[in-house]
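Enquirer: I am sharing final-v3.txt, which consists of compact mmCIF, C-alpha atoms and all ligand atoms:
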```
# COMPACT_ATOMS: atom_id res chain seq x y z
CA MET A 1 101.46 33.52 -116.69
CA ARG A 2 99.15 36.44 -115.81
CA ILE A 3 98.69 38.37 -112.58
CA THR A 4 95.04 38.39 -111.50
CA SER A 5 95.32 40.57 -108.39
CA ILE A 6 97.85 42.49 -106.34
CA ASN A 7 97.44 43.93 -102.86
CA SER A 8 98.82 47.40 -102.22
CA GLU A 9 98.93 46.77 -98.45
CA PRO A 10 102.16 44.95 -97.45
CA ILE A 11 101.84 41.58 -95.75
CA GLU A 12 105.32 41.95 -94.26
CA GLU A 13 107.96 44.68 -94.05
CA TYR A 14 111.71 44.85 -93.43
CA LEU A 15 113.66 47.92 -92.37
CA TYR A 16 117.09 48.65 -93.87
CA LEU A 17 119.63 51.42 -94.49
CA ASN A 18 119.37 53.20 -97.82
CA VAL A 19 120.93 56.27 -99.44
CA THR A 20 119.05 59.16 -101.00
CA PRO A 21 119.98 60.10 -104.59
CA ARG A 22 122.89 62.44 -105.27
CA PRO A 23 123.76 65.20 -104.61
CA GLU A 24 122.12 64.77 -101.18
CA SER A 25 123.46 61.22 -100.53
CA ARG A 26 121.98 61.00 -97.05
CA ILE A 27 121.70 57.68 -95.20
CA ILE A 28 118.09 56.96 -94.32
CA GLN A 29 116.08 54.07 -92.97
CA SER A 30 113.79 52.61 -95.65
CA THR A 31 111.01 50.07 -95.54
CA LEU A 32 111.09 47.10 -97.87
CA PRO A 33 107.49 45.94 -98.36
CA VAL A 34 106.35 42.43 -99.24
CA LEU A 35 103.25 42.58 -101.45
CA LYS A 36 100.99 39.64 -102.17
CA ALA A 37 99.73 38.98 -105.70
CA THR A 38 97.92 36.12 -107.35
CA VAL A 39 98.61 34.55 -110.74
CA ASP A 40 96.28 32.48 -112.90
CA GLN A 41 98.38 29.35 -112.46
CA LEU A 42 101.58 27.90 -111.09
CA PRO A 43 103.08 24.44 -111.67
CA ASP A 44 102.21 21.75 -109.12
CA GLU A 45 105.79 21.86 -107.86
CA LEU A 46 105.46 25.47 -106.71
CA ASP A 47 103.43 27.21 -104.00
CA ALA A 48 104.83 30.67 -104.81
CA ILE A 49 107.28 32.72 -106.82
CA ILE A 50 108.94 35.63 -105.05
CA ALA A 51 110.37 38.48 -107.12
CA THR A 52 112.52 41.44 -106.11
CA SER A 53 115.14 43.90 -107.38
CA ASP A 54 117.01 47.10 -106.62
CA LEU A 55 117.80 46.35 -103.00
CA GLN A 56 120.62 48.92 -102.98
CA GLY A 57 121.01 49.16 -99.24
CA ARG A 58 122.44 47.40 -96.21
CA GLU A 59 121.13 45.95 -92.98
CA ARG A 60 120.70 48.24 -90.00
CA ILE A 61 123.67 48.49 -87.63
CA ARG A 62 121.43 47.31 -84.76
CA ASP A 63 120.68 44.12 -86.71
CA CYS A 64 124.20 43.22 -87.79
CA GLU A 65 126.15 40.41 -86.15
CA SER A 66 129.55 41.45 -87.49
CA LEU A 67 131.14 44.24 -89.51
CA PRO A 68 130.98 45.23 -92.29
CA ILE A 69 127.21 45.47 -92.30
CA LYS A 70 125.76 43.10 -94.89
CA LEU A 71 123.94 43.90 -98.10
CA ILE A 72 120.22 43.82 -97.43
CA GLY A 73 119.92 41.19 -100.16
CA GLU A 74 122.28 38.92 -98.20
CA VAL A 75 120.12 38.92 -95.06
CA ILE A 76 116.61 39.08 -96.52
CA PRO A 77 116.53 35.45 -97.78
CA ALA A 78 116.90 33.94 -94.28
CA ARG A 79 114.38 36.41 -92.80
CA LEU A 80 111.91 35.69 -95.58
CA ALA A 81 112.40 31.95 -95.17
CA ARG A 82 111.85 32.15 -91.41
CA TRP A 83 108.64 34.15 -91.83
CA LEU A 84 107.33 31.94 -94.65
CA THR A 85 108.01 28.81 -92.62
CA GLN A 86 106.05 30.30 -89.70
CA GLU A 87 103.22 30.96 -92.17
CA GLY A 88 103.19 27.30 -93.17
CA TYR A 89 105.11 27.43 -96.43
CA SER A 90 107.86 25.05 -97.55
CA CYS A 91 110.68 27.10 -99.00
CA ASP A 92 111.66 24.20 -101.26
CA ARG A 93 108.38 24.88 -103.08
CA ILE A 94 109.14 28.57 -103.69
CA GLY A 95 111.12 29.94 -106.65
CA ILE A 96 113.00 33.25 -106.57
CA VAL A 97 113.17 35.83 -109.37
CA LEU A 98 115.93 38.47 -109.14
CA ALA A 99 115.65 41.45 -111.50
CA GLY A 100 119.02 43.06 -110.74
CA ASP A 101 120.84 45.75 -108.73
CA PHE A 102 121.60 44.34 -105.30
CA TYR A 103 124.76 46.28 -104.39
CA ALA A 104 125.41 49.16 -102.01
CA ALA A 105 128.80 50.50 -100.92
CA PRO A 106 129.88 49.29 -97.42
CA ASP A 107 130.01 52.86 -96.12
CA LEU A 108 126.77 53.84 -97.90
CA GLN A 109 128.45 57.07 -98.97
CA LYS A 110 126.49 57.42 -102.19
CA ARG A 111 123.74 55.66 -104.09
CA GLY A 112 124.56 53.80 -107.27
CA ALA A 113 127.76 52.00 -106.31
CA THR A 114 128.66 48.90 -108.31
CA GLY A 115 130.06 45.73 -106.77
CA ASP A 116 130.04 41.98 -106.19
CA ILE A 117 126.64 40.47 -105.36
CA THR A 118 127.56 36.78 -105.62
CA SER A 119 126.71 36.43 -101.92
CA VAL A 120 123.16 37.70 -102.53
CA TRP A 121 122.47 35.02 -105.11
CA GLN A 122 123.99 32.38 -102.85
CA ALA A 123 121.88 33.51 -99.89
CA PHE A 124 118.66 33.12 -101.91
CA GLU A 125 119.84 29.80 -103.33
CA ASN A 126 120.56 28.50 -99.82
CA GLU A 127 116.96 29.02 -98.73
CA PHE A 128 114.73 28.37 -101.74
CA ARG A 129 113.94 25.87 -104.51
CA TRP A 130 115.63 27.77 -107.33
CA VAL A 131 116.84 31.23 -108.27
CA VAL A 132 116.53 32.78 -111.70
CA GLY A 133 117.70 36.28 -112.48
CA VAL A 134 119.35 38.88 -114.64
CA GLY A 135 122.23 41.26 -114.00
CA GLY A 136 121.58 44.90 -113.18
CA ASN A 137 123.90 47.70 -114.23
CA HIS A 138 125.27 47.93 -110.66
CA ASP A 139 125.82 44.18 -110.26
CA MET A 140 129.13 42.38 -110.54
CA PHE A 141 129.96 38.74 -109.89
CA GLY A 142 133.58 38.81 -108.79
CA ASP A 143 135.73 41.82 -109.61
CA GLU A 144 135.26 42.23 -113.36
CA GLN A 145 132.44 43.66 -115.42
CA ASN A 146 129.80 41.50 -117.07
CA LEU A 147 130.72 38.24 -115.31
CA ARG A 148 128.09 35.64 -114.41
CA PRO A 149 127.56 34.09 -110.97
CA PRO A 150 129.24 30.70 -110.43
CA ALA A 151 127.42 27.83 -112.16
CA SER A 152 125.04 26.02 -109.86
CA PRO A 153 122.25 23.48 -110.41
CA ARG A 154 119.67 25.68 -108.66
CA ALA A 155 120.76 29.17 -109.76
CA HIS A 156 120.02 30.25 -113.32
CA PHE A 157 121.59 33.48 -114.54
CA LEU A 158 120.08 34.75 -117.78
CA GLY A 159 122.43 36.97 -119.78
CA SER A 160 120.34 36.75 -122.93
CA GLU A 161 118.85 33.29 -122.84
CA ARG A 162 115.96 31.20 -121.60
CA VAL A 163 115.38 28.42 -119.12
CA ASN A 164 112.45 26.15 -118.28
CA LEU A 165 111.92 25.81 -114.53
CA ASP A 166 109.19 23.44 -113.35
CA GLY A 167 107.50 23.91 -116.72
CA ILE A 168 107.63 27.74 -116.72
CA GLU A 169 109.28 29.12 -119.87
CA ILE A 170 111.40 32.03 -118.64
CA ALA A 171 113.37 34.35 -120.95
CA GLY A 172 115.82 36.83 -119.48
CA LEU A 173 117.90 39.75 -120.70
CA SER A 174 120.51 41.26 -118.39
CA GLY A 175 121.60 44.88 -118.33
CA ILE A 176 120.23 48.18 -119.54
CA VAL A 177 120.34 50.25 -122.70
CA GLY A 178 123.55 52.29 -122.57
CA ASN A 179 127.25 52.54 -123.33
CA PRO A 180 128.51 48.95 -123.85
CA LYS A 181 131.90 49.84 -122.39
CA LYS A 182 130.21 50.11 -119.00
CA ASN A 183 129.01 47.25 -116.79
CA PHE A 184 125.91 45.39 -118.05
CA ARG A 185 125.00 47.99 -120.65
CA ILE A 186 124.02 47.27 -124.24
CA LYS A 187 123.50 49.49 -127.28
CA LYS A 188 119.80 50.13 -127.80
CA ARG A 189 119.77 48.43 -131.20
CA ASP A 190 121.43 45.29 -129.77
CA TYR A 191 119.13 45.26 -126.74
CA LEU A 192 116.03 45.32 -128.94
CA GLU A 193 117.47 42.67 -131.26
CA ARG A 194 118.22 40.32 -128.36
CA LEU A 195 114.75 40.87 -126.97
CA THR A 196 113.22 40.07 -130.35
CA ASN A 197 115.25 36.86 -130.61
CA LEU A 198 114.38 35.79 -127.06
CA LEU A 199 110.67 36.29 -127.64
CA GLY A 200 110.77 34.26 -130.86
CA SER A 201 109.87 31.24 -128.70
CA PRO A 202 106.76 30.91 -126.51
CA THR A 203 107.47 32.63 -123.20
CA ASP A 204 105.51 32.56 -119.93
CA LEU A 205 107.68 35.14 -118.17
CA LEU A 206 110.17 37.70 -119.47
CA LEU A 207 112.71 38.88 -116.93
CA THR A 208 114.65 42.12 -117.51
CA HIS A 209 116.41 44.82 -115.50
CA ASP A 210 115.67 47.69 -117.89
CA GLY A 211 112.15 47.79 -119.25
CA PRO A 212 109.31 49.76 -120.78
CA ASP A 213 107.93 53.10 -119.73
CA ILE A 214 104.22 53.74 -119.32
CA GLU A 215 104.04 57.19 -120.79
CA HIS A 216 100.48 58.17 -119.87
CA LEU A 217 101.02 57.15 -116.24
CA GLY A 218 104.40 58.88 -115.96
CA LEU A 219 106.14 55.58 -115.13
CA ARG A 220 109.78 55.66 -116.19
CA GLY A 221 111.47 53.32 -118.64
CA THR A 222 112.59 52.92 -122.23
CA PRO A 223 109.89 53.77 -124.81
CA GLU A 224 111.41 51.56 -127.53
CA ILE A 225 111.21 48.51 -125.23
CA ARG A 226 107.52 49.27 -124.64
CA GLU A 227 106.89 49.56 -128.38
CA LEU A 228 108.62 46.24 -129.06
CA LEU A 229 106.81 44.42 -126.24
CA SER A 230 103.50 45.80 -127.52
CA ARG A 231 104.16 43.97 -130.76
CA LEU A 232 105.68 40.75 -129.38
CA ARG A 233 103.19 40.48 -126.51
CA PRO A 234 104.74 38.28 -123.82
CA PRO A 235 102.10 37.77 -121.12
CA LEU A 236 104.17 39.02 -118.17
CA VAL A 237 107.39 41.00 -117.72
CA ILE A 238 109.15 41.36 -114.37
CA ARG A 239 111.56 44.29 -114.28
CA GLY A 240 113.50 46.64 -112.00
CA HIS A 241 115.88 49.58 -112.50
CA LYS A 242 113.33 52.42 -112.37
CA PHE A 243 111.11 52.74 -109.31
CA TRP A 244 107.37 52.99 -109.98
CA GLU A 245 104.92 54.04 -107.30
CA GLN A 246 102.51 51.43 -108.62
CA PRO A 247 103.94 47.93 -109.02
CA LEU A 248 101.77 46.69 -111.89
CA ALA A 249 100.74 48.20 -115.22
CA GLU A 250 99.65 46.97 -118.63
CA ILE A 251 100.84 48.18 -122.03
CA ALA A 252 99.13 48.16 -125.41
CA GLY A 253 98.95 44.58 -126.62
CA GLY A 254 98.08 43.35 -123.13
CA THR A 255 101.52 42.61 -121.65
CA GLN A 256 101.59 43.06 -117.87
CA ILE A 257 104.64 44.78 -116.40
CA LEU A 258 105.44 43.97 -112.77
CA ASN A 259 108.01 46.42 -111.38
CA VAL A 260 109.76 44.98 -108.32
CA ASP A 261 112.24 47.85 -107.77
CA SER A 262 112.63 48.27 -103.98
CA ARG A 263 109.85 45.82 -103.17
CA ILE A 264 109.27 42.10 -102.82
CA VAL A 265 106.25 40.61 -104.59
CA MET A 266 105.00 37.16 -103.68
CA LEU A 267 103.02 35.51 -106.47
CA THR A 268 100.72 32.70 -105.42
CA PRO A 269 98.13 30.76 -107.42
CA GLU A 270 94.60 32.11 -107.55
CA ASP A 271 93.12 29.00 -106.02
CA SER A 272 95.54 29.05 -103.10
CA VAL A 273 93.59 28.43 -99.89
CA GLU A 274 96.14 29.92 -97.51
CA ALA A 275 95.70 33.45 -96.27
CA ILE A 276 98.64 35.42 -94.96
CA SER A 277 97.69 38.20 -92.62
CA LYS A 278 99.85 41.18 -91.87
CA PRO A 279 101.68 40.75 -88.56
CA GLU A 280 101.15 43.33 -85.86
CA SER A 281 104.67 44.70 -86.22
CA GLY A 282 107.63 44.41 -88.56
CA SER A 283 110.03 41.57 -88.00
CA LEU A 284 113.08 43.67 -87.25
FE FE A 301 119.69 49.59 -112.51
```
Reformat the file's structure so that it appears as structure tokens.

Expert:
Amino acid sequence: MRITSINSEPIEEYLYLNVTPRPESRIIQSTLPVLKATVDQLPDELDAIIATSDLQGRERIRDCESLPIKLIGEVIPARLARWLTQEGYSCDRIGIVLAGDFYAAPDLQKRGATGDITSVWQAFENEFRWVVGVGGNHDMFGDEQNLRPPASPRAHFLGSERVNLDGIEIAGLSGIVGNPKKNFRIKKRDYLERLTNLLGSPTDLLLTHDGPDIEHLGLRGTPEIRELLSRLRPPLVIRGHKFWEQPLAEIAGGTQILNVDSRIVMLTPEDSVEAISKPESGSL
């Protein structure tokens, strides 16, 4: 799978509460943009794939129906589904890709809290055809480190494994390079070995939370992952964990890296005849 175009102008936006990095740790209102991109092909069963990660915030108090205020990842699926339905889409023909880090502390006291995001996966699963994803270093499923979400026919958690969904070969590696005693962290050597093993089979899409840097563009990531991907050459990687100003870049060898940290990207086929226009105002 290859991305053939991506629009920098959002087609939809959602407002939410976010926290600035430490030591400031100030609660701010952020905008979550939905960007439209096209891919060279999608299976007949799908009209779109929607990818996102690093939604480490909560809904606005004015939007919440009950306390505590919900994770933004818990409420976005229903809002997305409502908007997509208005635009003429069938959500049972849309797959969801989650690249990790969907938790924020209930009091939003500091950025980088770690906690249970089972409800986020369930919220996406309730609205869409399938969900595939990896764990981020701030994600837990239940109250212990490194657990997986509950097994479900339509939700596919990839620790270090692959799955074929509607004919798309998807490989996924959870976690980041780091101290393995901490949640969803792997020694660098082990991370690279797992990635090598995963990419030993033909892969349409590689899904990771950590990912490569793009040194000459100043885009943050792990150089050794870039070097490995340059040799193994999967066509497309979707990643999170480090925010990039630009969502898409290409590394030596031709692999495209789509960074969905703090954004939603909607991938539709190139020959898609529909045209979504930006609404006059946000939906909140
Ligand atoms: Fe992360």

Enquirer: Taking 4 positions as the minimum chain separation for residues in the same chain, which residues sit within 8 Å of stretch 141-145 of chain A when counting only C-alpha atoms? Answer as a PDB file with C-alpha atoms, keeping the file's coordinate frame.

Expert:
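Output (around.pdb):
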```
ATOM      1  CA  GLY A 115     130.060  45.730-106.770  1.00  0.00           C
ATOM      2  CA  ASP A 116     130.040  41.980-106.190  1.00  0.00           C
ATOM      3  CA  ILE A 117     126.640  40.470-105.360  1.00  0.00           C
ATOM      4  CA  THR A 118     127.560  36.780-105.620  1.00  0.00           C
ATOM      5  CA  PRO A 149     127.560  34.090-110.970  1.00  0.00           C
ATOM      6  CA  LYS A 182     130.210  50.110-119.000  1.00  0.00           C
ATOM      7  CA  ASN A 183     129.010  47.250-116.790  1.00  0.00           C
ATOM      8  CA  PHE A 184     125.910  45.390-118.050  1.00  0.00           C
TER       9      PHE A 184
END
```

Enquirer: What separation in Å, quoted to one decimal, exists between atom CA of A:Ser201 and atom CA of A:Leu219?

Expert: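 About the pair atom CA of A:Ser201 and atom CA of A:Leu219: they are 28.1 Å apart.
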
Enquirer: How would you write, as a tab-separated table (two decimals) with C-alpha atoms, in the coordinates of the input, the set of residues no farther than 7 Å from ligand FE 301 (chain A) when counting all atoms listed in the file?

Expert:
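Writing the result to out-v3.tsv gives the following:
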```tsv
chain	number	residue	atom	x	y	z
A	54	ASP	CA	117.01	47.10	-106.62
A	100	GLY	CA	119.02	43.06	-110.74
A	101	ASP	CA	120.84	45.75	-108.73
A	136	GLY	CA	121.58	44.90	-113.18
A	137	ASN	CA	123.90	47.70	-114.23
A	138	HIS	CA	125.27	47.93	-110.66
A	209	HIS	CA	116.41	44.82	-115.50
A	210	ASP	CA	115.67	47.69	-117.89
A	240	GLY	CA	113.50	46.64	-112.00
A	241	HIS	CA	115.88	49.58	-112.50
A	242	LYS	CA	113.33	52.42	-112.37
```

Enquirer: Report, in Å with one decimal, the straight-line distance from atom CA of A:Gln56 to atom CA of A:Asp213.

Expert: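 According to the coordinates, atom CA of A:Gln56 and atom CA of A:Asp213 are separated by 21.4 Å.
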
Enquirer: Between A:Arg22, A:Arg2, A:Arg220, A:Lys36, single out the one closest to A:Arg263, counting only C-alpha atoms.

Expert: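 Of A:Arg22, A:Arg2, A:Arg220, A:Lys36, the one nearest A:Arg263 is A:Lys36, counting only C-alpha atoms.
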